[in-house]
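Note: the block below is run_36.tsv and it holds TSV, C-alpha atoms.
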chain	number	residue	atom	x	y	z
C	1	MET	CA	0.80	26.06	-26.15
C	2	SER	CA	-0.45	29.27	-27.75
C	3	SER	CA	0.35	32.82	-26.70
C	4	GLU	CA	-2.98	33.29	-24.93
C	5	ALA	CA	-3.24	32.88	-21.16
C	6	LYS	CA	-2.42	29.33	-20.15
C	7	VAL	CA	-4.37	27.17	-17.72
C	8	ALA	CA	-2.88	24.85	-15.11
C	9	ILE	CA	-4.58	22.29	-12.92
C	10	ILE	CA	-2.74	21.92	-9.62
C	11	THR	CA	-3.81	19.28	-7.12
C	12	ALA	CA	-2.83	21.16	-3.97
C	13	SER	CA	-3.80	24.19	-1.92
C	14	THR	CA	-0.73	24.16	0.36
C	15	GLY	CA	2.99	23.50	0.18
C	16	ILE	CA	4.89	23.21	-3.10
C	17	GLY	CA	1.73	23.18	-5.19
C	18	ALA	CA	0.46	26.40	-3.64
C	19	GLU	CA	3.77	28.20	-4.12
C	20	THR	CA	3.92	27.03	-7.73
C	21	ALA	CA	0.37	28.25	-8.33
C	22	LYS	CA	1.33	31.71	-7.08
C	23	LEU	CA	4.36	31.85	-9.37
C	24	LEU	CA	2.41	30.74	-12.42
C	25	GLY	CA	-0.33	33.22	-11.54
C	26	GLU	CA	2.24	36.02	-11.46
C	27	GLN	CA	3.25	34.94	-14.98
C	28	GLY	CA	-0.31	35.33	-16.23
C	29	TRP	CA	-1.52	31.76	-15.95
C	30	LYS	CA	-5.09	30.88	-14.96
C	31	ILE	CA	-5.09	28.40	-12.10
C	32	PHE	CA	-7.52	25.61	-11.26
C	33	ILE	CA	-7.00	24.21	-7.77
C	34	ALA	CA	-8.11	20.75	-6.66
C	35	SER	CA	-8.06	20.16	-2.91
C	36	LEU	CA	-9.58	17.67	-0.49
C	37	THR	CA	-11.54	20.10	1.69
C	38	PRO	CA	-13.81	22.93	0.51
C	39	LYS	CA	-12.40	25.29	3.15
C	40	ASN	CA	-8.79	24.90	2.05
C	41	MET	CA	-9.70	25.08	-1.62
C	42	ASN	CA	-11.86	28.18	-1.23
C	43	ASN	CA	-9.37	29.97	1.00
C	44	PHE	CA	-6.52	29.42	-1.42
C	45	VAL	CA	-8.54	30.33	-4.50
C	46	ASP	CA	-9.56	33.55	-2.72
C	47	ALA	CA	-5.91	34.20	-1.85
C	48	LEU	CA	-4.93	33.79	-5.51
C	49	LYS	CA	-7.69	36.16	-6.59
C	50	THR	CA	-6.43	38.72	-4.07
C	51	LEU	CA	-3.09	38.53	-5.87
C	52	GLY	CA	-4.84	39.27	-9.15
C	53	VAL	CA	-4.77	35.67	-10.41
C	54	GLU	CA	-7.75	34.28	-12.30
C	55	ALA	CA	-8.46	31.17	-10.26
C	56	HIS	CA	-11.13	28.57	-9.66
C	57	GLY	CA	-11.25	25.17	-8.01
C	58	LEU	CA	-13.00	22.02	-6.96
C	59	ALA	CA	-12.97	20.24	-3.60
C	60	GLY	CA	-12.98	16.45	-3.62
C	61	ASP	CA	-11.19	13.26	-2.64
C	62	ILE	CA	-8.73	12.72	-5.46
C	63	SER	CA	-8.33	9.05	-4.51
C	64	LEU	CA	-11.92	8.35	-5.60
C	65	PRO	CA	-12.25	7.06	-9.19
C	66	GLU	CA	-14.64	9.79	-10.35
C	67	THR	CA	-12.86	12.84	-8.90
C	68	PRO	CA	-10.06	13.29	-11.48
C	69	THR	CA	-12.56	13.35	-14.34
C	70	LEU	CA	-14.73	15.85	-12.47
C	71	ILE	CA	-11.68	18.09	-11.92
C	72	VAL	CA	-10.81	18.18	-15.62
C	73	GLU	CA	-14.42	18.66	-16.68
C	74	LYS	CA	-14.90	21.53	-14.23
C	75	CYS	CA	-11.69	23.22	-15.35
C	76	LEU	CA	-12.79	22.96	-18.99
C	77	SER	CA	-16.20	24.39	-18.15
C	78	VAL	CA	-14.64	27.38	-16.40
C	79	PHE	CA	-11.54	28.10	-18.50
C	80	GLY	CA	-12.25	26.26	-21.74
C	81	LYS	CA	-8.96	24.39	-21.85
C	82	VAL	CA	-6.09	22.81	-19.91
C	83	ASP	CA	-2.45	23.45	-20.79
C	84	ALA	CA	-0.67	21.86	-17.85
C	85	LEU	CA	-1.22	19.46	-14.97
C	86	TYR	CA	0.78	19.45	-11.76
C	87	ASN	CA	0.09	16.27	-9.78
C	88	VAL	CA	1.13	17.27	-6.28
C	89	ALA	CA	-1.43	15.66	-3.97
C	90	GLY	CA	0.04	13.00	-1.74
C	91	ILE	CA	0.16	11.68	1.79
C	92	SER	CA	2.51	10.11	4.29
C	93	GLY	CA	0.70	6.95	5.30
C	94	ARG	CA	2.07	6.34	8.78
C	95	LYS	CA	-1.26	6.95	10.49
C	96	TYR	CA	-2.96	4.55	8.07
C	97	GLY	CA	-0.53	1.71	8.75
C	98	ASP	CA	2.36	2.33	6.36
C	99	GLY	CA	5.77	1.29	7.66
C	100	PRO	CA	8.57	-1.19	6.95
C	101	LEU	CA	7.51	-4.34	5.10
C	102	HIS	CA	7.01	-6.47	8.22
C	103	ASP	CA	4.74	-3.83	9.79
C	104	CYS	CA	2.99	-2.37	6.74
C	105	SER	CA	-0.72	-3.12	6.86
C	106	ASP	CA	-2.90	-3.89	3.87
C	107	ASP	CA	-4.96	-0.78	4.60
C	108	GLY	CA	-1.87	1.43	4.86
C	109	TRP	CA	-0.45	0.03	1.61
C	110	GLN	CA	-3.70	0.53	-0.31
C	111	LYS	CA	-4.43	4.00	1.06
C	112	VAL	CA	-1.00	5.35	0.13
C	113	LEU	CA	-1.05	3.83	-3.35
C	114	ASP	CA	-4.59	5.13	-3.98
C	115	VAL	CA	-3.71	8.71	-3.02
C	116	ASN	CA	-0.12	8.96	-4.22
C	117	LEU	CA	-0.07	6.80	-7.34
C	118	THR	CA	-3.51	5.87	-8.63
C	119	SER	CA	-4.81	9.44	-8.39
C	120	GLN	CA	-1.92	10.62	-10.57
C	121	PHE	CA	-2.66	7.88	-13.11
C	122	ARG	CA	-6.29	8.98	-13.31
C	123	MET	CA	-5.49	12.69	-13.48
C	124	CYS	CA	-2.99	12.06	-16.27
C	125	ARG	CA	-5.46	9.88	-18.14
C	126	SER	CA	-8.17	12.54	-17.98
C	127	VAL	CA	-6.01	15.38	-19.28
C	128	VAL	CA	-4.33	13.25	-21.96
C	129	GLN	CA	-7.73	12.11	-23.24
C	130	TYR	CA	-8.70	15.78	-23.54
C	131	TRP	CA	-5.46	16.76	-25.30
C	132	LEU	CA	-5.71	13.89	-27.78
C	133	SER	CA	-9.19	15.10	-28.72
C	134	GLN	CA	-7.82	18.53	-29.67
C	135	PRO	CA	-6.07	19.54	-32.92
C	136	HIS	CA	-2.30	19.48	-32.74
C	137	SER	CA	0.28	21.31	-34.83
C	138	GLU	CA	3.66	19.61	-35.11
C	139	GLY	CA	6.35	21.46	-33.19
C	140	TYR	CA	3.95	22.85	-30.60
C	141	LEU	CA	3.47	21.67	-27.05
C	142	ARG	CA	0.04	20.15	-26.68
C	143	GLY	CA	0.26	19.92	-22.93
C	144	SER	CA	2.65	19.45	-20.04
C	145	ILE	CA	2.40	17.10	-17.07
C	146	LEU	CA	4.61	17.31	-14.00
C	147	ASN	CA	4.25	14.48	-11.50
C	148	MET	CA	5.46	14.72	-7.92
C	149	ALA	CA	7.70	11.90	-6.75
C	150	SER	CA	10.37	11.95	-4.01
C	151	VAL	CA	14.04	11.25	-3.53
C	152	LEU	CA	12.86	8.39	-1.28
C	153	GLY	CA	11.64	6.63	-4.41
C	154	VAL	CA	15.20	6.36	-5.75
C	155	ASP	CA	17.42	6.65	-2.67
C	156	PRO	CA	15.62	5.37	0.45
C	157	MET	CA	16.67	5.95	4.05
C	158	SER	CA	14.99	3.30	6.18
C	159	GLU	CA	16.54	4.50	9.42
C	160	HIS	CA	14.33	7.60	9.55
C	161	PHE	CA	11.85	7.19	6.66
C	162	ASP	CA	10.77	3.56	6.95
C	163	THR	CA	7.52	3.68	4.97
C	164	LEU	CA	7.40	1.02	2.29
C	165	ALA	CA	4.18	2.05	0.54
C	166	TYR	CA	5.26	5.69	0.33
C	167	GLY	CA	8.61	4.79	-1.25
C	168	VAL	CA	6.99	2.34	-3.66
C	169	SER	CA	4.37	4.90	-4.69
C	170	LYS	CA	7.05	7.47	-5.48
C	171	ALA	CA	9.25	5.01	-7.37
C	172	SER	CA	6.21	3.87	-9.35
C	173	ILE	CA	5.37	7.46	-10.30
C	174	ILE	CA	8.79	7.72	-11.93
C	175	GLY	CA	8.29	4.51	-13.90
C	176	MET	CA	4.74	5.41	-14.90
C	177	SER	CA	5.79	8.87	-16.07
C	178	ASN	CA	8.64	7.50	-18.16
C	179	ILE	CA	6.28	5.14	-19.96
C	180	MET	CA	3.78	7.95	-20.54
C	181	ALA	CA	6.50	10.22	-21.89
C	182	ASN	CA	7.56	7.56	-24.36
C	183	CYS	CA	4.01	6.93	-25.49
C	184	TYR	CA	2.99	10.54	-26.09
C	185	ALA	CA	6.19	12.24	-27.24
C	186	GLU	CA	5.02	12.36	-30.87
C	187	GLN	CA	1.69	13.78	-29.73
C	188	GLY	CA	3.34	16.89	-28.26
C	189	ILE	CA	2.65	15.92	-24.65
C	190	ALA	CA	5.47	16.35	-22.17
C	191	VAL	CA	5.57	14.19	-19.03
C	192	ASN	CA	8.23	14.90	-16.45
C	193	VAL	CA	8.84	14.19	-12.78
C	194	ILE	CA	10.13	16.26	-9.90
C	195	ALA	CA	11.60	14.24	-7.03
C	196	PRO	CA	12.57	16.58	-4.18
C	197	GLY	CA	14.49	15.84	-1.04
C	198	LEU	CA	13.14	17.05	2.29
C	199	VAL	CA	11.45	20.40	1.65
C	200	GLU	CA	10.09	22.99	4.08
C	201	THR	CA	6.39	22.08	3.79
C	202	PRO	CA	3.53	21.16	6.15
C	203	MET	CA	3.96	17.51	5.14
C	204	SER	CA	7.54	17.49	6.49
C	205	SER	CA	6.54	18.76	9.94
C	206	ARG	CA	7.40	15.45	11.63
C	207	ALA	CA	10.96	15.59	10.36
C	208	SER	CA	11.35	19.34	10.85
C	209	GLN	CA	10.50	18.99	14.55
C	210	ASP	CA	12.92	16.12	15.19
C	211	PRO	CA	16.45	17.33	16.10
C	212	VAL	CA	17.97	13.94	15.20
C	213	ILE	CA	16.44	13.91	11.72
C	214	LEU	CA	17.36	17.56	11.17
C	215	SER	CA	20.97	16.74	12.03
C	216	VAL	CA	20.96	13.87	9.54
C	217	ILE	CA	19.36	16.01	6.84
C	218	GLU	CA	21.92	18.75	7.34
C	219	LYS	CA	24.59	16.25	6.32
C	220	LYS	CA	22.52	14.38	3.74
C	221	GLN	CA	21.36	17.57	1.99
C	222	ARG	CA	24.66	19.32	2.47
C	223	PHE	CA	24.29	21.50	-0.61
C	224	THR	CA	21.39	23.35	1.03
C	225	LYS	CA	22.75	22.64	4.55
C	226	GLY	CA	19.38	21.30	5.61
C	227	MET	CA	15.87	21.38	4.20
C	228	VAL	CA	15.39	22.53	0.63
C	229	PRO	CA	13.63	25.93	0.47
C	230	ILE	CA	10.10	25.58	-0.84
C	231	GLY	CA	10.52	28.55	-3.17
C	232	THR	CA	13.37	26.80	-4.97
C	233	VAL	CA	11.22	23.79	-5.77
C	234	ALA	CA	8.28	25.98	-6.79
C	235	LYS	CA	10.41	27.94	-9.27
C	236	LEU	CA	11.69	24.72	-10.81
C	237	SER	CA	8.16	23.34	-10.99
C	238	ALA	CA	6.84	26.45	-12.73
C	239	PHE	CA	9.63	26.20	-15.31
C	240	MET	CA	8.93	22.52	-15.99
C	241	LEU	CA	5.23	23.17	-16.51
C	242	SER	CA	5.82	25.89	-19.09
C	243	GLU	CA	7.68	26.20	-22.38
C	244	GLY	CA	10.79	25.27	-20.44
C	245	CYS	CA	9.89	21.66	-21.19
C	246	LEU	CA	9.58	22.13	-24.96
C	247	SER	CA	12.73	20.05	-25.39
C	248	MET	CA	12.33	17.91	-22.27
C	249	THR	CA	10.16	14.88	-21.59
C	250	GLY	CA	10.70	11.71	-19.59
C	251	GLU	CA	13.04	13.54	-17.23
C	252	VAL	CA	13.31	13.20	-13.46
C	253	VAL	CA	14.63	16.34	-11.80
C	254	HIS	CA	15.98	16.08	-8.25
C	255	PRO	CA	15.97	19.27	-6.16
C	256	ASP	CA	17.28	17.26	-3.22
C	257	GLY	CA	19.98	19.49	-1.78
C	258	GLY	CA	22.63	16.89	-2.63
C	259	TRP	CA	20.83	13.91	-1.05
C	260	ARG	CA	21.64	11.44	-3.82
C	261	VAL	CA	25.33	12.37	-4.00
C	262	SER	CA	25.91	12.28	-0.26
The structure given in the file should be rewritten as structure tokens.
Amino acid sequence: MSSEAKVAIITASTGIGAETAKLLGEQGWKIFIASLTPKNMNNFVDALKTLGVEAHGLAGDISLPETPTLIVEKCLSVFGKVDALYNVAGISGRKYGDGPLHDCSDDGWQKVLDVNLTSQFRMCRSVVQYWLSQPHSEGYLRGSILNMASVLGVDPMSEHFDTLAYGVSKASIIGMSNIMANCYAEQGIAVNVIAPGLVETPMSSRASQDPVILSVIEKKQRFTKGMVPIGTVAKLSAFMLSEGCLSMTGEVVHPDGGWRVS
């Protein structure tokens, strides 16, 4: 990465992705937002601009095969380059039929894998193809990818989070990212994973409104004594997308409030 303003593609307009976009914007980054609905995308891009951040975006269904390529192409047409990709977009598939193995429907399985896993594969492929087409000086970071996984991909809790496809998608993201990191290390492309515990986001509203789950999480994530603050994860994400990862690739970082050691 050169000293000029850097450009990040972030596939979210809410939650951890949005908070990370704000932090990177404060650090002088240009931000390209990809979001499912035009309203959410436009509102967040406008909010970034209000903060003085140079921002643009594209609305589209990231689970469709053509959308990731369109996102990268649009970012390149607006900003001329891409320095980092934060794959944040994801869903909880309960309403589509995700659940424990004996109840998980084919539709629920496929929907979750398409949105959570396959979209990340395609986004990574598009940005890596671009980076490989650009000149590269040894010792410099060509680009940085941060993929969103979950603690449920490595340490499941079926009692309260019994969604097979979701857990498989997050575990697969970790495996996929490790293979990518190995493949492109010599090309100056960093690929890392962030696998949070339960974070204060719109996606965790079901859990945050359930007193029983909150009681469990308070013990499971005893380091944070409950849900992990969204700002903590955003700060870590911003670091991992920047020169902080110059010596780090193939890593899985767990801001899980102590979940895995409970």
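Pairwise distance (atom CA of Asp46 of chain C, atom CA of Leu70 of chain C) equals 20.9 Å.
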Within 7 Å of segment 78-101 of chain C: each segment 145-243 of chain C residue with its shortest pair, all atoms listed in the file, as CSV:
residue,atom,partner,partner_atom,distance
C:Ile145,CA,C:Leu85,CA,4.8
C:Leu146,CA,C:Tyr86,CA,4.9
C:Asn147,CA,C:Asn87,CA,4.8
C:Met148,CA,C:Val88,CA,5.3
C:Asp162,CA,C:Pro100,CA,5.2
C:Thr163,CA,C:Gly99,CA,4.0
C:Leu164,CA,C:Pro100,CA,5.3
C:Ala165,CA,C:Asp98,CA,6.1
C:Tyr166,CA,C:Ser92,CA,6.5
C:Leu241,CA,C:Ala84,CA,6.2
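Here atom CA of Asn178 of chain C is placed at a distance of 25.7 Å from atom CA of Glu73 of chain C.
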Need to verify the contact set: segment 22-35 of chain C, 7 Å, all atoms listed in the file, exclusion of same-chain residues closer than 5 positions in sequence. Can you return it as a ChimeraX atom specification?
/C:5-13,40-41,48,53-60,71,75,238
Output file for the selection above: C-alpha atoms, as a PDB file, keeping the file's coordinate frame:
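And here is the file that came out, part_17.pdb:
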ATOM      1  CA  ALA C   5      -3.240  32.880 -21.160  1.00  0.00           C
ATOM      2  CA  LYS C   6      -2.420  29.330 -20.150  1.00  0.00           C
ATOM      3  CA  VAL C   7      -4.370  27.170 -17.720  1.00  0.00           C
ATOM      4  CA  ALA C   8      -2.880  24.850 -15.110  1.00  0.00           C
ATOM      5  CA  ILE C   9      -4.580  22.290 -12.920  1.00  0.00           C
ATOM      6  CA  ILE C  10      -2.740  21.920  -9.620  1.00  0.00           C
ATOM      7  CA  THR C  11      -3.810  19.280  -7.120  1.00  0.00           C
ATOM      8  CA  ALA C  12      -2.830  21.160  -3.970  1.00  0.00           C
ATOM      9  CA  SER C  13      -3.800  24.190  -1.920  1.00  0.00           C
ATOM     10  CA  ASN C  40      -8.790  24.900   2.050  1.00  0.00           C
ATOM     11  CA  MET C  41      -9.700  25.080  -1.620  1.00  0.00           C
ATOM     12  CA  LEU C  48      -4.930  33.790  -5.510  1.00  0.00           C
ATOM     13  CA  VAL C  53      -4.770  35.670 -10.410  1.00  0.00           C
ATOM     14  CA  GLU C  54      -7.750  34.280 -12.300  1.00  0.00           C
ATOM     15  CA  ALA C  55      -8.460  31.170 -10.260  1.00  0.00           C
ATOM     16  CA  HIS C  56     -11.130  28.570  -9.660  1.00  0.00           C
ATOM     17  CA  GLY C  57     -11.250  25.170  -8.010  1.00  0.00           C
ATOM     18  CA  LEU C  58     -13.000  22.020  -6.960  1.00  0.00           C
ATOM     19  CA  ALA C  59     -12.970  20.240  -3.600  1.00  0.00           C
ATOM     20  CA  GLY C  60     -12.980  16.450  -3.620  1.00  0.00           C
ATOM     21  CA  ILE C  71     -11.680  18.090 -11.920  1.00  0.00           C
ATOM     22  CA  CYS C  75     -11.690  23.220 -15.350  1.00  0.00           C
ATOM     23  CA  ALA C 238       6.840  26.450 -12.730  1.00  0.00           C
TER      24      ALA C 238
END
So which residues touch segment 113-126 of chain C within 6 Å, counting all atoms listed in the file, skipping near sequence neighbours fewer than 5 positions away, as a PyMOL selection string?
chain C and resi 62-63+68-69+90+169
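Distance check against Cys183 of chain C using all atoms listed in the file: of C:Thr249, C:Gln209, C:Gln110, C:Thr20, the minimum falls on C:Thr249.
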